[in-house]
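As stored in run.txt (compact mmCIF, C-alpha atoms):
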```txt
# COMPACT_ATOMS: atom_id res chain seq x y z
CA MET W 11 15.34 46.50 28.55
CA ALA W 12 13.25 43.40 29.30
CA THR W 13 10.20 45.11 27.85
CA GLY W 14 12.11 45.83 24.65
CA ARG W 15 13.21 42.23 24.31
CA ARG W 16 9.67 40.97 24.80
CA GLY W 17 8.53 43.38 22.14
CA ILE W 18 11.13 42.09 19.69
CA ALA W 19 10.23 38.47 20.47
CA ARG W 20 6.54 39.25 19.96
CA ALA W 21 7.26 40.90 16.63
CA VAL W 22 9.34 37.94 15.48
CA LEU W 23 6.53 35.53 16.43
CA ILE W 24 3.98 37.63 14.56
CA VAL W 25 6.14 37.71 11.44
CA ALA W 26 6.82 33.97 11.66
CA ALA W 27 3.10 33.22 12.09
CA ALA W 28 2.22 35.47 9.15
CA LEU W 29 4.86 33.77 6.99
CA PHE W 30 3.60 30.32 8.01
CA ILE W 31 0.03 31.27 7.10
CA ALA W 32 1.13 32.77 3.79
CA LEU W 33 3.05 29.59 2.88
CA GLN W 34 -0.14 27.55 3.25
CA PHE W 35 -1.34 29.14 0.01
CA VAL W 36 1.76 28.01 -1.92
CA ARG W 37 0.42 24.61 -2.83
CA PRO W 38 1.42 22.72 -6.00
CA ALA W 39 -1.65 20.91 -7.25
CA ILE W 40 -2.11 17.18 -6.71
CA SER W 41 -4.23 16.16 -9.66
CA HIS W 42 -6.98 13.54 -9.46
CA PRO W 43 -7.43 12.25 -13.02
CA PRO W 44 -10.17 9.70 -13.63
CA VAL W 45 -9.30 6.05 -13.11
CA THR W 46 -8.85 4.64 -16.61
CA ALA W 47 -7.54 1.11 -16.09
CA ASP W 48 -7.44 0.02 -12.47
CA LEU W 49 -5.56 -3.11 -11.45
CA SER W 50 -7.62 -6.25 -11.99
CA ALA W 51 -7.01 -8.45 -8.95
CA PRO W 52 -9.00 -10.41 -6.34
CA PRO W 53 -10.78 -8.24 -3.74
CA GLU W 54 -8.45 -9.27 -0.91
CA ILE W 55 -5.38 -8.24 -2.93
CA LYS W 56 -6.99 -4.97 -4.03
CA SER W 57 -7.87 -4.21 -0.40
CA ILE W 58 -4.25 -4.68 0.72
CA LEU W 59 -2.87 -2.53 -2.07
CA ARG W 60 -5.55 0.14 -1.75
CA THR W 61 -4.89 0.58 1.97
CA ALA W 62 -1.09 0.55 1.74
CA CYS W 63 -0.25 1.93 -1.69
CA TYR W 64 -3.06 3.82 -3.42
CA ASP W 65 -2.59 7.13 -1.59
CA CYS W 66 0.67 7.62 -3.53
CA HIS W 67 0.51 5.08 -6.36
CA SER W 68 -2.90 5.88 -7.85
CA ASN W 69 -5.06 8.76 -9.03
CA ASP W 70 -7.21 8.26 -5.92
CA THR W 71 -4.93 10.12 -3.52
CA HIS W 72 -6.07 10.91 0.02
CA LEU W 73 -3.77 12.90 2.28
CA ALA W 74 -3.75 12.72 6.06
CA TRP W 75 -4.59 15.98 7.78
CA PHE W 76 -0.96 16.58 8.75
CA ASP W 77 0.11 16.07 5.12
CA GLU W 78 -2.05 19.04 4.15
CA ILE W 79 0.13 21.43 6.14
CA VAL W 80 2.99 23.18 4.33
CA PRO W 81 5.87 22.29 4.19
CA ALA W 82 4.73 18.64 4.64
CA TYR W 83 2.33 19.19 1.73
CA TRP W 84 5.19 20.05 -0.61
CA LEU W 85 6.90 16.75 0.18
CA ALA W 86 3.63 14.84 -0.23
CA ALA W 87 2.94 16.44 -3.62
CA SER W 88 6.44 15.59 -4.83
CA ASP W 89 6.21 12.00 -3.57
CA VAL W 90 2.82 11.43 -5.19
CA LYS W 91 4.06 12.74 -8.54
CA ALA W 92 7.13 10.49 -8.47
CA ALA W 93 5.16 7.47 -7.23
CA ARG W 94 2.57 7.73 -10.00
CA GLN W 95 5.28 7.94 -12.65
CA HIS W 96 6.82 4.71 -11.41
CA LEU W 97 3.66 2.72 -10.66
CA ASN W 98 0.07 3.95 -11.02
CA PHE W 99 -2.58 1.39 -10.09
CA SER W 100 -5.24 3.58 -11.72
CA GLU W 101 -3.62 3.08 -15.14
CA ILE W 102 -1.74 -0.21 -14.80
CA GLY W 103 -4.49 -2.13 -16.58
CA MET W 104 -3.46 -0.51 -19.88
CA LEU W 105 -0.09 -2.30 -19.78
CA PRO W 106 0.55 -5.83 -21.12
CA ALA W 107 -0.04 -8.56 -18.53
CA ALA W 108 3.68 -9.41 -18.35
CA GLN W 109 4.59 -5.78 -17.66
CA GLN W 110 1.92 -5.53 -14.96
CA LYS W 111 3.36 -8.60 -13.27
CA GLY W 112 6.86 -7.16 -13.57
CA LEU W 113 5.82 -3.98 -11.78
CA LEU W 114 4.12 -5.96 -9.02
CA TYR W 115 7.19 -8.17 -8.59
CA GLU W 116 9.32 -5.06 -8.26
CA ALA W 117 6.88 -3.65 -5.70
CA VAL W 118 7.03 -6.85 -3.63
CA ASN W 119 10.82 -6.78 -3.68
CA GLN W 120 10.87 -3.11 -2.64
CA ILE W 121 8.66 -4.07 0.32
CA ARG W 122 10.84 -7.06 1.17
CA PHE W 123 13.96 -4.90 1.26
CA HIS W 124 12.15 -2.23 3.33
CA ALA W 125 12.74 0.30 0.57
CA MET W 126 8.98 0.88 0.35
CA PRO W 127 7.23 2.57 1.92
CA LEU W 128 9.90 5.19 2.48
CA PRO W 129 11.02 5.06 6.13
CA ALA W 130 10.00 8.65 6.87
CA TYR W 131 6.58 8.05 5.31
CA ALA W 132 6.11 4.75 7.15
CA ARG W 133 6.71 6.36 10.54
CA LEU W 134 3.77 8.72 10.05
CA HIS W 135 1.58 6.36 7.99
CA PRO W 136 1.65 2.94 9.68
CA SER W 137 -1.19 1.66 7.47
CA ALA W 138 1.24 1.75 4.54
CA VAL W 139 3.44 -0.91 6.16
CA LEU W 140 2.40 -4.39 5.06
CA ALA W 141 2.43 -7.29 7.51
CA PRO W 142 4.33 -10.45 6.47
CA ALA W 143 1.00 -12.25 5.87
CA GLN W 144 -0.10 -9.50 3.49
CA VAL W 145 3.17 -9.67 1.54
CA LYS W 146 2.77 -13.44 1.29
CA ALA W 147 -0.79 -13.00 0.01
CA ILE W 148 0.49 -10.81 -2.84
CA GLU W 149 3.27 -13.30 -3.61
CA ASP W 150 0.75 -16.16 -3.72
CA TYR W 151 -1.42 -14.10 -6.07
CA LEU W 152 1.51 -13.54 -8.43
CA ARG W 153 2.40 -17.23 -8.36
CA ALA W 154 -1.17 -18.16 -9.26
CA ALA W 155 -0.99 -16.44 -12.65
CA PRO W 156 -3.13 -17.68 -15.57
CA GLU W 157 -1.63 -20.73 -17.22
CA SER W 158 -0.68 -18.83 -20.38
CA ASP W 159 1.31 -16.25 -18.43
CA ALA W 160 2.86 -18.80 -16.08
CA ALA W 161 3.95 -21.03 -18.95
CA SER W 162 5.68 -18.18 -20.74
CA ALA W 163 7.43 -17.13 -17.52
CA LYS W 164 9.08 -20.50 -16.81
CA LEU W 165 12.73 -20.96 -17.48
CA PRO W 166 13.41 -22.97 -20.66
CA PRO W 167 15.17 -26.34 -20.46
CA PRO W 168 18.99 -26.09 -20.39
CA SER W 169 19.19 -27.08 -24.06
CA GLU W 170 16.95 -24.16 -25.03
CA THR W 171 18.33 -21.50 -22.70
CA ARG W 172 18.64 -18.18 -24.51
CA THR W 173 22.26 -17.47 -23.69
CA VAL W 174 22.94 -14.09 -25.25
CA LEU W 175 26.03 -13.33 -23.21
CA ALA W 176 28.76 -15.88 -22.61
CA ALA W 177 30.70 -15.69 -19.36
CA GLY W 178 33.44 -13.12 -19.70
CA ALA W 179 32.21 -11.82 -23.05
CA HIS W 180 32.33 -8.08 -23.72
CA SER W 181 29.38 -7.81 -26.08
CA ALA W 182 26.02 -9.48 -26.62
CA ALA W 183 24.39 -10.74 -29.77
CA ALA W 184 21.49 -8.80 -31.24
CA ALA W 185 18.07 -9.66 -29.89
CA PRO W 186 15.64 -11.57 -32.16
CA ASN W 187 14.14 -8.24 -33.23
CA GLY W 188 17.55 -7.09 -34.42
CA ILE W 189 18.21 -4.50 -31.71
CA PRO W 190 21.83 -4.81 -30.52
CA PHE W 191 23.04 -4.28 -26.98
CA PRO W 192 25.07 -1.10 -26.43
CA GLU W 193 28.79 -1.54 -26.03
CA GLY W 194 30.00 -1.42 -22.45
CA TYR W 195 26.65 -2.07 -20.81
CA GLN W 196 28.38 -4.55 -18.46
CA HIS W 197 29.95 -1.54 -16.74
CA TRP W 198 26.69 0.34 -16.16
CA LYS W 199 25.73 0.90 -12.55
CA TRP W 200 23.28 -1.23 -10.58
CA ILE W 201 19.76 0.22 -10.14
CA SER W 202 17.69 -2.55 -8.58
CA THR W 203 17.40 -6.30 -8.00
CA THR W 204 14.30 -8.42 -8.53
CA ASP W 205 13.53 -11.90 -7.22
CA ARG W 206 11.17 -13.60 -9.68
CA PHE W 207 9.99 -16.29 -7.29
CA ASP W 208 7.48 -17.63 -9.84
CA ASN W 209 10.17 -18.85 -12.26
CA GLN W 210 13.11 -19.19 -9.86
CA SER W 211 15.26 -16.43 -11.30
CA ILE W 212 17.08 -13.36 -9.97
CA ARG W 213 17.47 -10.22 -12.07
CA ALA W 214 19.64 -7.14 -11.67
CA ALA W 215 18.75 -3.95 -13.53
CA LEU W 216 21.71 -1.96 -14.82
CA GLY W 217 21.52 1.56 -16.24
CA ASN W 218 23.64 3.98 -18.20
CA PRO W 219 24.48 7.28 -16.42
CA ILE W 220 21.28 8.98 -17.64
CA ALA W 221 19.12 6.11 -16.36
CA VAL W 222 20.95 5.96 -13.02
CA GLN W 223 20.43 9.68 -12.43
CA ALA W 224 16.75 9.39 -13.39
CA ALA W 225 16.28 6.48 -11.00
CA ARG W 226 17.82 8.50 -8.16
CA ASN W 227 15.49 11.41 -8.88
CA HIS W 228 12.40 9.16 -9.29
CA ARG W 229 11.31 11.14 -12.35
CA GLY W 230 10.70 8.52 -15.02
CA TRP W 231 12.98 7.66 -17.93
CA PRO W 232 14.13 10.64 -20.02
CA ASP W 233 15.48 10.48 -23.57
CA GLY W 234 18.82 8.72 -23.63
CA ALA W 235 18.10 6.47 -20.65
CA MET W 236 19.08 2.87 -21.37
CA LEU W 237 18.58 -0.20 -19.20
CA ALA W 238 19.78 -3.79 -19.22
CA LYS W 239 18.45 -6.53 -16.97
CA VAL W 240 20.72 -9.50 -16.33
CA ALA W 241 19.04 -12.73 -15.16
CA TRP W 242 20.45 -15.72 -13.32
CA VAL W 243 18.84 -18.94 -12.18
CA ALA W 244 18.05 -18.63 -8.46
CA GLN W 245 20.23 -20.92 -6.35
CA PRO W 246 18.83 -21.84 -2.88
CA ARG W 247 21.37 -21.94 -0.02
CA ALA W 248 21.41 -24.29 2.94
CA ASP W 249 20.48 -21.42 5.27
CA GLY W 250 17.31 -20.69 3.28
CA ARG W 251 18.62 -17.63 1.44
CA ILE W 252 18.81 -17.40 -2.35
CA GLU W 253 21.79 -16.37 -4.44
CA ALA W 254 22.51 -16.04 -8.15
CA GLY W 255 23.33 -19.34 -9.83
CA SER W 256 24.06 -19.98 -13.50
CA PHE W 257 23.62 -17.13 -16.01
CA TRP W 258 20.35 -17.17 -17.97
CA GLN W 259 19.90 -14.13 -20.19
CA VAL W 260 20.12 -10.38 -20.67
CA GLN W 261 17.17 -8.14 -21.49
CA ASN W 262 17.57 -4.74 -23.08
CA SER W 263 15.42 -1.61 -22.92
CA GLY W 264 16.06 1.52 -24.90
CA SER W 265 15.31 5.14 -24.15
CA GLY W 266 12.08 5.75 -22.30
CA LEU W 267 11.01 2.10 -22.39
CA SER W 268 10.33 -0.29 -19.55
CA PHE W 269 10.40 -4.05 -19.44
CA ALA W 270 8.95 -6.90 -17.43
CA ALA W 271 10.86 -8.05 -14.39
```

Would you encode the structure as structure tokens?
Amino acid sequence: MATGRRGIARAVLIVAAALFIALQFVRPAISHPPVTADLSAPPEIKSILRTACYDCHSNDTHLAWFDEIVPAYWLAASDVKAARQHLNFSEIGMLPAAQQKGLLYEAVNQIRFHAMPLPAYARLHPSAVLAPAQVKAIEDYLRAAPESDAASAKLPPPSETRTVLAAGAHSAAAAPNGIPFPEGYQHWKWISTTDRFDNQSIRAALGNPIAVQAARNHRGWPDGAMLAKVAWVAQPRADGRIEAGSFWQVQNSGSGLSFAA
């Protein structure tokens, strides 16, 4: 009887090992396109981002040896694909300067809130976790934007504030380019929050159901996705934290489009 059980156990192990080996050949490709427009930043900033972020958020992906083993490889391939769609440092240089800054502000906020790197990824890839001094270095870099960018990012004087949505209103006036805000956008669900520490504002991104589902799946913005970003003047608290103060403006983005933070 014992001999029979050992035989069954041995057969199960052989089948399991054969299946494990076979699965190693089921490998969705991780492409390595050429770098077309890498981020233009000081060497110390590039070094921080390259060490912590480029393995997922660039075309220059390098996997750890344990990430090469299926099923870990499947998760790595999926994460790299989603990460590149959201932020790709190998192509970010093609975007307008304001949009580049917006993506970097969002990245800093994701790091601040410990949303990035993903907890499971961080446990196995400690080099992806930025130290407070490194986060501060990126923040200082963003604050030290060229004068033209910094000037355009500052909040206007109270008399010139672009108030497109009065408190309690149910609709917003058309933007200067004539594109109206969709009805009911105030009831869209929250997607993310951004602290623009360079111009002392706080912004919350809202999305319609299609955009919310796309954000959850990390698969880019499909047709029909619509976003609105509501901005308030940042109000410092006595305990050092920041909360939303007076309303500033609303920004709109239609299907498949992105906007600066």

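One finds CA of Ala235 (chain W) at 19.1 Å from CA of Glu116 (chain W).
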
For a test of reading the model, state the distance in Å between CA of Leu97 (chain W) and CA of Gln34 (chain W), rounded to one decimal.
28.7 Å

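Using all atoms listed in the file, the nearest neighbour of Cys63 (chain W) within the list W:Ala32, W:Ile148, W:Ala93, W:Ile40 is W:Ala93.
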
Report, in Å with one decimal, the straight-line distance from CA of Ser100 (chain W) to CA of Gly112 (chain W).
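For CA of Ser100 (chain W) relative to CA of Gly112 (chain W), the distance reads 16.3 Å.
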
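Distances from W:Tyr151, W:Phe257, W:Phe30, W:Trp200 to Leu237 (chain W) were compared using all atoms listed in the file, and the smallest one belongs to W:Trp200.
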
Between W:Arg206, W:Arg16, W:Lys111, W:Arg213, which has the minimum distance to Ala238 (chain W) (counting only C-alpha atoms)?
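Looking only at the distances to Ala238 (chain W), the closest residue turns out to be W:Arg213.
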
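Distance annotation: of W:Arg133, W:Arg60, W:His67, W:Arg37, the residue with the minimal separation from Pro81 (chain W) is W:Arg37; atom set is all atoms listed in the file.
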
From W:Leu140, W:Met104, W:Ala125, W:Ala86, residue lying nearest Asp48 (chain W) [only C-alpha atoms]:
W:Met104

Nearest residue to Thr46 (chain W) from the set W:Ala143, W:Ile79, W:Leu105, W:Ala130 (distances using only C-alpha atoms):
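When distances to Thr46 (chain W) are compared using only C-alpha atoms, the smallest one comes from W:Leu105.
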
Quick one: everything within 12 Å of Glu78 (chain W), counting all atoms listed in the file, minus sequence neighbours fewer than 4 positions away in the same chain. Send it as a list in words.
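In the requested form, the answer reads Leu33, Gln34, Phe35, Val36, Arg37, Pro38, Ala39, Ile40, His72, Leu73, Ala74, Ala82, Tyr83, Trp84, Leu85, Ala86 and Ala87 of chain W.
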
What's around Phe99 (chain W) at 8 Å? Count all atoms listed in the file, leave out sequence neighbours fewer than 5 positions away in its own chain, and write the answer as a PyMOL selection string.
chain W and resi 47-49+64+67-69
